[in-house]
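S.K.: Here you go, target02.cif (mmCIF, N, CA, C and O atoms):
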```cif
data_entry
loop_
_atom_site.label_atom_id
_atom_site.label_comp_id
_atom_site.auth_asym_id
_atom_site.auth_seq_id
_atom_site.Cartn_x
_atom_site.Cartn_y
_atom_site.Cartn_z
N MET A 188 -12.50 24.58 16.00
CA MET A 188 -11.93 24.18 14.74
C MET A 188 -11.28 22.81 14.90
O MET A 188 -10.57 22.56 15.86
N ALA A 189 -11.52 21.94 13.95
CA ALA A 189 -10.99 20.58 14.00
C ALA A 189 -9.48 20.58 13.76
O ALA A 189 -8.97 21.36 12.95
N ARG A 190 -8.81 19.72 14.46
CA ARG A 190 -7.37 19.58 14.30
C ARG A 190 -7.07 18.69 13.10
O ARG A 190 -7.68 17.64 12.93
N LYS A 191 -6.12 19.13 12.26
CA LYS A 191 -5.76 18.35 11.09
C LYS A 191 -5.01 17.09 11.52
O LYS A 191 -4.10 17.15 12.34
N LYS A 192 -5.40 15.96 10.95
CA LYS A 192 -4.71 14.71 11.25
C LYS A 192 -3.34 14.71 10.59
O LYS A 192 -3.18 15.24 9.49
N PRO A 193 -2.35 14.13 11.24
CA PRO A 193 -1.01 14.10 10.64
C PRO A 193 -0.96 13.20 9.42
O PRO A 193 -1.70 12.23 9.32
N GLU A 194 -0.10 13.56 8.48
CA GLU A 194 0.09 12.71 7.33
C GLU A 194 1.56 12.72 6.93
O GLU A 194 2.31 13.60 7.31
N ASN A 195 1.93 11.72 6.19
CA ASN A 195 3.32 11.53 5.80
C ASN A 195 3.39 11.24 4.31
O ASN A 195 4.08 10.34 3.87
N LEU A 196 2.64 12.00 3.54
CA LEU A 196 2.42 11.71 2.12
C LEU A 196 3.71 11.69 1.31
O LEU A 196 4.01 10.70 0.64
N LYS A 197 4.48 12.76 1.32
CA LYS A 197 5.66 12.86 0.45
C LYS A 197 6.67 11.76 0.71
O LYS A 197 7.15 11.11 -0.21
N ALA A 198 7.01 11.54 1.96
CA ALA A 198 8.00 10.51 2.30
C ALA A 198 7.51 9.12 1.94
O ALA A 198 8.27 8.30 1.41
N ASN A 199 6.24 8.83 2.20
CA ASN A 199 5.70 7.50 1.90
C ASN A 199 5.55 7.26 0.40
O ASN A 199 5.77 6.14 -0.07
N VAL A 200 5.18 8.28 -0.38
CA VAL A 200 5.08 8.12 -1.83
C VAL A 200 6.45 7.81 -2.40
O VAL A 200 6.61 6.89 -3.21
N LYS A 201 7.46 8.56 -1.97
CA LYS A 201 8.82 8.32 -2.44
C LYS A 201 9.28 6.90 -2.11
O LYS A 201 9.80 6.18 -2.96
N ALA A 202 9.06 6.48 -0.87
CA ALA A 202 9.46 5.13 -0.44
C ALA A 202 8.67 4.06 -1.19
O ALA A 202 9.23 3.03 -1.58
N LEU A 203 7.38 4.28 -1.41
CA LEU A 203 6.54 3.31 -2.13
C LEU A 203 7.02 3.14 -3.57
O LEU A 203 7.17 2.02 -4.05
N LEU A 204 7.29 4.24 -4.24
CA LEU A 204 7.75 4.17 -5.63
C LEU A 204 9.13 3.52 -5.73
O LEU A 204 9.38 2.73 -6.64
N GLU A 205 10.02 3.82 -4.80
CA GLU A 205 11.34 3.18 -4.78
C GLU A 205 11.20 1.67 -4.56
O GLU A 205 11.87 0.88 -5.21
N TYR A 206 10.33 1.29 -3.63
CA TYR A 206 10.09 -0.13 -3.35
C TYR A 206 9.56 -0.85 -4.60
O TYR A 206 10.03 -1.93 -4.95
N CYS A 207 8.58 -0.23 -5.27
CA CYS A 207 7.98 -0.85 -6.46
C CYS A 207 9.00 -0.96 -7.59
O CYS A 207 9.05 -1.98 -8.27
N ASN A 208 9.81 0.06 -7.78
CA ASN A 208 10.85 0.01 -8.82
C ASN A 208 11.89 -1.06 -8.51
O ASN A 208 12.31 -1.80 -9.40
N ALA A 209 12.30 -1.16 -7.26
CA ALA A 209 13.31 -2.15 -6.86
C ALA A 209 12.82 -3.58 -7.05
O ALA A 209 13.60 -4.48 -7.32
N ASN A 210 11.50 -3.78 -6.90
CA ASN A 210 10.91 -5.12 -7.01
C ASN A 210 10.21 -5.36 -8.35
O ASN A 210 9.54 -6.37 -8.52
N SER A 211 10.34 -4.43 -9.28
CA SER A 211 9.73 -4.51 -10.61
C SER A 211 8.22 -4.71 -10.56
O SER A 211 7.64 -5.49 -11.32
N TYR A 212 7.56 -4.00 -9.65
CA TYR A 212 6.10 -4.05 -9.55
C TYR A 212 5.48 -2.94 -10.39
O TYR A 212 5.95 -1.82 -10.39
N GLU A 213 4.40 -3.29 -11.06
CA GLU A 213 3.65 -2.29 -11.81
C GLU A 213 2.85 -1.47 -10.81
O GLU A 213 2.18 -2.02 -9.93
N VAL A 214 2.92 -0.15 -10.94
CA VAL A 214 2.19 0.73 -10.03
C VAL A 214 1.46 1.79 -10.85
O VAL A 214 2.01 2.33 -11.81
N HIS A 215 0.19 2.01 -10.51
CA HIS A 215 -0.63 3.02 -11.17
C HIS A 215 -0.98 4.09 -10.14
O HIS A 215 -1.38 3.75 -9.02
N GLN A 216 -0.84 5.34 -10.53
CA GLN A 216 -1.19 6.43 -9.64
C GLN A 216 -2.49 7.04 -10.14
O GLN A 216 -2.55 7.58 -11.24
N PHE A 217 -3.56 6.95 -9.33
CA PHE A 217 -4.86 7.49 -9.71
C PHE A 217 -4.94 8.99 -9.46
O PHE A 217 -5.56 9.72 -10.19
N ASN A 218 -4.37 9.42 -8.36
CA ASN A 218 -4.24 10.83 -8.01
C ASN A 218 -3.10 10.92 -7.00
O ASN A 218 -2.42 9.92 -6.79
N LYS A 219 -2.88 12.06 -6.40
CA LYS A 219 -1.72 12.15 -5.50
C LYS A 219 -1.92 11.38 -4.20
O LYS A 219 -1.00 11.24 -3.43
N TYR A 220 -3.11 10.86 -3.97
CA TYR A 220 -3.41 10.16 -2.73
C TYR A 220 -3.60 8.65 -2.87
O TYR A 220 -3.64 7.95 -1.87
N GLN A 221 -3.78 8.12 -4.08
CA GLN A 221 -4.10 6.70 -4.24
C GLN A 221 -3.24 6.04 -5.31
O GLN A 221 -3.13 6.55 -6.42
N PHE A 222 -2.67 4.88 -4.95
CA PHE A 222 -1.84 4.10 -5.86
C PHE A 222 -2.35 2.66 -5.88
O PHE A 222 -2.85 2.16 -4.88
N ARG A 223 -2.20 1.99 -7.01
CA ARG A 223 -2.52 0.56 -7.11
C ARG A 223 -1.23 -0.17 -7.48
O ARG A 223 -0.55 0.19 -8.43
N VAL A 224 -0.90 -1.19 -6.69
CA VAL A 224 0.33 -1.96 -6.88
C VAL A 224 -0.03 -3.39 -7.24
O VAL A 224 -0.84 -4.02 -6.56
N MET A 225 0.58 -3.89 -8.32
CA MET A 225 0.39 -5.27 -8.76
C MET A 225 1.59 -6.07 -8.25
O MET A 225 2.69 -5.94 -8.79
N GLY A 226 1.39 -6.86 -7.21
CA GLY A 226 2.47 -7.63 -6.62
C GLY A 226 2.55 -9.04 -7.15
O GLY A 226 1.87 -9.41 -8.11
N ASP A 227 3.39 -9.86 -6.53
CA ASP A 227 3.56 -11.25 -6.94
C ASP A 227 2.29 -12.08 -6.70
O ASP A 227 1.92 -12.90 -7.53
N THR A 228 1.65 -11.89 -5.55
CA THR A 228 0.49 -12.71 -5.21
C THR A 228 -0.75 -11.88 -4.88
O THR A 228 -1.77 -12.45 -4.52
N ALA A 229 -0.66 -10.56 -4.99
CA ALA A 229 -1.80 -9.72 -4.65
C ALA A 229 -1.77 -8.41 -5.41
O ALA A 229 -0.73 -7.97 -5.88
N MET A 230 -2.95 -7.80 -5.51
CA MET A 230 -3.09 -6.46 -6.06
C MET A 230 -3.68 -5.61 -4.94
O MET A 230 -4.71 -5.99 -4.35
N ILE A 231 -3.04 -4.49 -4.62
CA ILE A 231 -3.50 -3.67 -3.51
C ILE A 231 -3.62 -2.21 -3.92
O ILE A 231 -2.93 -1.74 -4.81
N ASP A 232 -4.53 -1.51 -3.26
CA ASP A 232 -4.61 -0.06 -3.34
C ASP A 232 -3.95 0.48 -2.08
O ASP A 232 -4.16 -0.05 -0.98
N VAL A 233 -3.17 1.55 -2.25
CA VAL A 233 -2.45 2.14 -1.13
C VAL A 233 -2.74 3.64 -1.09
O VAL A 233 -2.69 4.30 -2.13
N TRP A 234 -3.05 4.15 0.09
CA TRP A 234 -3.19 5.58 0.33
C TRP A 234 -2.02 5.97 1.24
O TRP A 234 -2.09 5.82 2.46
N PRO A 235 -0.92 6.46 0.65
CA PRO A 235 0.31 6.68 1.41
C PRO A 235 0.25 7.76 2.49
O PRO A 235 1.09 7.77 3.38
N SER A 236 -0.70 8.66 2.44
CA SER A 236 -0.72 9.73 3.44
C SER A 236 -0.88 9.18 4.85
O SER A 236 -0.31 9.70 5.80
N ARG A 237 -1.65 8.10 4.99
CA ARG A 237 -1.83 7.48 6.31
C ARG A 237 -1.61 5.98 6.26
O ARG A 237 -1.97 5.26 7.18
N MET A 238 -1.06 5.49 5.16
CA MET A 238 -0.74 4.07 4.95
C MET A 238 -1.95 3.15 5.15
O MET A 238 -1.88 2.13 5.81
N LYS A 239 -3.05 3.53 4.53
CA LYS A 239 -4.23 2.67 4.46
C LYS A 239 -4.06 1.77 3.24
O LYS A 239 -3.61 2.22 2.19
N VAL A 240 -4.44 0.51 3.37
CA VAL A 240 -4.27 -0.46 2.30
C VAL A 240 -5.56 -1.25 2.13
O VAL A 240 -6.22 -1.61 3.11
N HIS A 241 -5.91 -1.51 0.86
CA HIS A 241 -7.06 -2.36 0.54
C HIS A 241 -6.56 -3.46 -0.38
O HIS A 241 -6.05 -3.19 -1.46
N VAL A 242 -6.70 -4.70 0.05
CA VAL A 242 -6.34 -5.84 -0.78
C VAL A 242 -7.50 -6.10 -1.73
O VAL A 242 -8.59 -6.48 -1.32
N ILE A 243 -7.26 -5.89 -3.03
CA ILE A 243 -8.31 -6.01 -4.03
C ILE A 243 -8.42 -7.44 -4.53
O ILE A 243 -9.49 -7.99 -4.69
N ALA A 244 -7.27 -8.04 -4.83
CA ALA A 244 -7.25 -9.41 -5.34
C ALA A 244 -6.03 -10.10 -4.77
O ALA A 244 -5.00 -9.48 -4.54
N SER A 245 -6.18 -11.39 -4.50
CA SER A 245 -5.09 -12.15 -3.92
C SER A 245 -5.23 -13.61 -4.28
O SER A 245 -6.33 -14.10 -4.52
N GLU A 246 -4.11 -14.30 -4.31
CA GLU A 246 -4.15 -15.75 -4.51
C GLU A 246 -4.62 -16.45 -3.24
O GLU A 246 -4.86 -17.64 -3.25
N TYR A 247 -4.76 -15.71 -2.17
CA TYR A 247 -5.17 -16.26 -0.88
C TYR A 247 -6.51 -15.64 -0.50
O TYR A 247 -6.58 -14.50 -0.08
N PRO A 248 -7.63 -16.36 -0.67
CA PRO A 248 -8.97 -15.80 -0.53
C PRO A 248 -9.25 -15.13 0.80
O PRO A 248 -10.03 -14.20 0.85
N GLU A 249 -8.63 -15.58 1.86
CA GLU A 249 -8.93 -14.96 3.15
C GLU A 249 -8.44 -13.52 3.24
O GLU A 249 -8.82 -12.80 4.13
N LYS A 250 -7.60 -13.09 2.29
CA LYS A 250 -7.08 -11.73 2.32
C LYS A 250 -7.83 -10.77 1.39
O LYS A 250 -7.62 -9.59 1.44
N VAL A 251 -8.69 -11.28 0.51
CA VAL A 251 -9.39 -10.41 -0.43
C VAL A 251 -10.36 -9.50 0.33
O VAL A 251 -10.99 -9.91 1.30
N ASN A 252 -10.48 -8.27 -0.14
CA ASN A 252 -11.32 -7.24 0.46
C ASN A 252 -10.92 -6.89 1.88
O ASN A 252 -11.72 -6.44 2.68
N ASP A 253 -9.66 -7.10 2.18
CA ASP A 253 -9.12 -6.78 3.50
C ASP A 253 -8.66 -5.33 3.52
O ASP A 253 -7.89 -4.91 2.66
N TYR A 254 -9.15 -4.56 4.47
CA TYR A 254 -8.68 -3.19 4.68
C TYR A 254 -7.82 -3.19 5.93
O TYR A 254 -8.17 -3.81 6.92
N ARG A 255 -6.71 -2.49 5.89
CA ARG A 255 -5.86 -2.40 7.07
C ARG A 255 -5.06 -1.12 7.05
O ARG A 255 -4.95 -0.46 6.03
N THR A 256 -4.47 -0.80 8.18
CA THR A 256 -3.58 0.34 8.30
C THR A 256 -2.19 -0.19 8.61
O THR A 256 -2.01 -0.96 9.55
N LEU A 257 -1.22 0.22 7.81
CA LEU A 257 0.16 -0.18 8.04
C LEU A 257 0.86 0.88 8.89
O LEU A 257 0.25 1.87 9.27
N SER A 258 2.12 0.69 9.16
CA SER A 258 2.90 1.65 9.94
C SER A 258 2.84 3.03 9.30
O SER A 258 2.85 3.15 8.07
N PHE A 259 2.82 4.07 10.13
CA PHE A 259 2.71 5.45 9.66
C PHE A 259 3.83 5.79 8.67
O PHE A 259 3.59 6.41 7.65
N ASN A 260 5.04 5.36 8.97
CA ASN A 260 6.15 5.49 8.03
C ASN A 260 6.26 4.16 7.31
O ASN A 260 6.37 3.12 7.95
N LEU A 261 6.25 4.19 5.99
CA LEU A 261 6.22 2.97 5.20
C LEU A 261 7.28 1.97 5.65
O LEU A 261 8.45 2.30 5.76
N ASP A 262 6.83 0.76 5.95
CA ASP A 262 7.71 -0.34 6.35
C ASP A 262 7.62 -1.39 5.25
O ASP A 262 6.57 -2.01 5.06
N THR A 263 8.72 -1.59 4.53
CA THR A 263 8.69 -2.49 3.37
C THR A 263 8.39 -3.93 3.75
O THR A 263 7.87 -4.68 2.94
N SER A 264 8.69 -4.33 4.97
CA SER A 264 8.39 -5.71 5.37
C SER A 264 6.88 -5.95 5.40
O SER A 264 6.42 -7.05 5.11
N GLU A 265 6.11 -4.93 5.73
CA GLU A 265 4.65 -5.08 5.71
C GLU A 265 4.14 -5.21 4.27
O GLU A 265 3.23 -6.00 3.99
N LEU A 266 4.73 -4.46 3.35
CA LEU A 266 4.36 -4.60 1.95
C LEU A 266 4.78 -5.96 1.41
O LEU A 266 4.04 -6.58 0.63
N ASP A 267 5.95 -6.43 1.81
CA ASP A 267 6.40 -7.76 1.40
C ASP A 267 5.40 -8.83 1.78
O ASP A 267 5.10 -9.73 1.01
N GLU A 268 4.85 -8.72 2.99
CA GLU A 268 3.88 -9.72 3.45
C GLU A 268 2.64 -9.73 2.55
O GLU A 268 2.10 -10.79 2.23
N LEU A 269 2.21 -8.56 2.10
CA LEU A 269 1.02 -8.47 1.25
C LEU A 269 1.30 -8.87 -0.19
O LEU A 269 0.50 -9.56 -0.81
N LEU A 270 2.44 -8.45 -0.73
CA LEU A 270 2.70 -8.58 -2.16
C LEU A 270 3.52 -9.80 -2.55
O LEU A 270 3.50 -10.23 -3.70
N LYS A 271 4.25 -10.39 -1.59
CA LYS A 271 5.11 -11.53 -1.88
C LYS A 271 4.76 -12.74 -1.03
O LYS A 271 5.59 -13.61 -0.80
N ARG A 272 3.58 -12.79 -0.55
CA ARG A 272 3.17 -13.83 0.39
C ARG A 272 3.49 -15.22 -0.14
O ARG A 272 3.20 -15.53 -1.28
N SER A 273 4.08 -16.02 0.69
CA SER A 273 4.57 -17.33 0.23
C SER A 273 3.68 -18.50 0.67
O SER A 273 4.12 -19.63 0.67
N GLY A 274 2.46 -18.23 1.05
CA GLY A 274 1.53 -19.31 1.37
C GLY A 274 1.50 -19.69 2.84
O GLY A 274 1.09 -20.76 3.19
N ARG A 275 1.92 -18.76 3.72
CA ARG A 275 1.88 -19.04 5.15
C ARG A 275 0.47 -19.15 5.64
O ARG A 275 -0.45 -18.61 5.15
#
```
Represent the structure of the file as structure tokens.

M.R.:
Amino acid sequence: MARKKPENLKANVKALLEYCNANSYEVHQFNKYQFRVMGDTAMIDVWPSRMKVHVIASEYPEKVNDYRTLSFNLDTSELDELLKRSGR
């Protein structure tokens, strides 16, 4: 029998929604596993159970269609880099 992969869904969803509310970001929830966040310079899809992120649109072309995995426990500094990027 396959071992279930660990997930941190509840804690990450709560932290993600608090982060979006604190920064006045529009967030859409498609289901309990997928969220879309409209940031300052990017639009991303987030799967909080394992912190998978897909950059859908960005003012910085090298980041578009970028898939990545963030820290298992939501780290707001990583979201800041994606959503508030200042042109580095």

S.K.: Assuming the chain letters and numbering stay as they are in my file, what does the PyMOL selection byres ((chain A and resi 222) around 7) actually select? List them as a list in words.

M.R.: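 That expression, the PyMOL selection byres ((chain A and resi 222) around 7), corresponds here to Val214, His215, Gln216, Phe217, Asn218, Lys219, Tyr220, Gln221, Arg223, Val224, Ile231, Asp232, Val233, Trp234 and Pro235 of chain A.
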
S.K.: Name every residue that the PyMOL selection byres ((chain A and resi 256-267) around 6) selects in this structure, writing the answer as a ChimeraX atom specification with chains first and numbers rising.

M.R.: /A:195,199,235-240,254-255,268-272

S.K.: Give me, please, the distance in Å between CA of Tyr212 (chain A) and CA of His241 (chain A), quoted to one decimal.

M.R.: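 Between CA of Tyr212 (chain A) and CA of His241 (chain A) the gap is 16.7 Å.
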
S.K.: DSSP says alpha helix (DSSP H) for which residues of chain A? Put them as a list in words?

M.R.: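 Across chain A, those assigned alpha helix (DSSP H) are Leu196, Lys197, Ala198, Asn199, Val200, Lys201, Ala202, Leu203, Leu204, Glu205, Tyr206, Cys207, Asn208, Ala209, Thr263, Ser264, Glu265, Leu266, Asp267, Glu268, Leu269 and Leu270 of chain A.
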
S.K.: Please, what distance in Å, to one decimal, runs between CA of Gly226 (chain A) and CA of Glu213 (chain A)?

M.R.: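 Computing the Euclidean distance for CA of Gly226 (chain A) and CA of Glu213 (chain A) yields 7.5 Å.
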
S.K.: Could you check how far CA of Ser245 (chain A) sits from CA of Thr228 (chain A), in Å to one decimal?

M.R.: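 Going from CA of Ser245 (chain A) over to CA of Thr228 (chain A), I get 5.8 Å.
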
S.K.: If you run DSSP on the backbone here, which positions in chain A get strand (DSSP E)? Please write them as a PyMOL selection string.

M.R.: chain A and resi 213-218+221-225+229-234+239-245+254-256
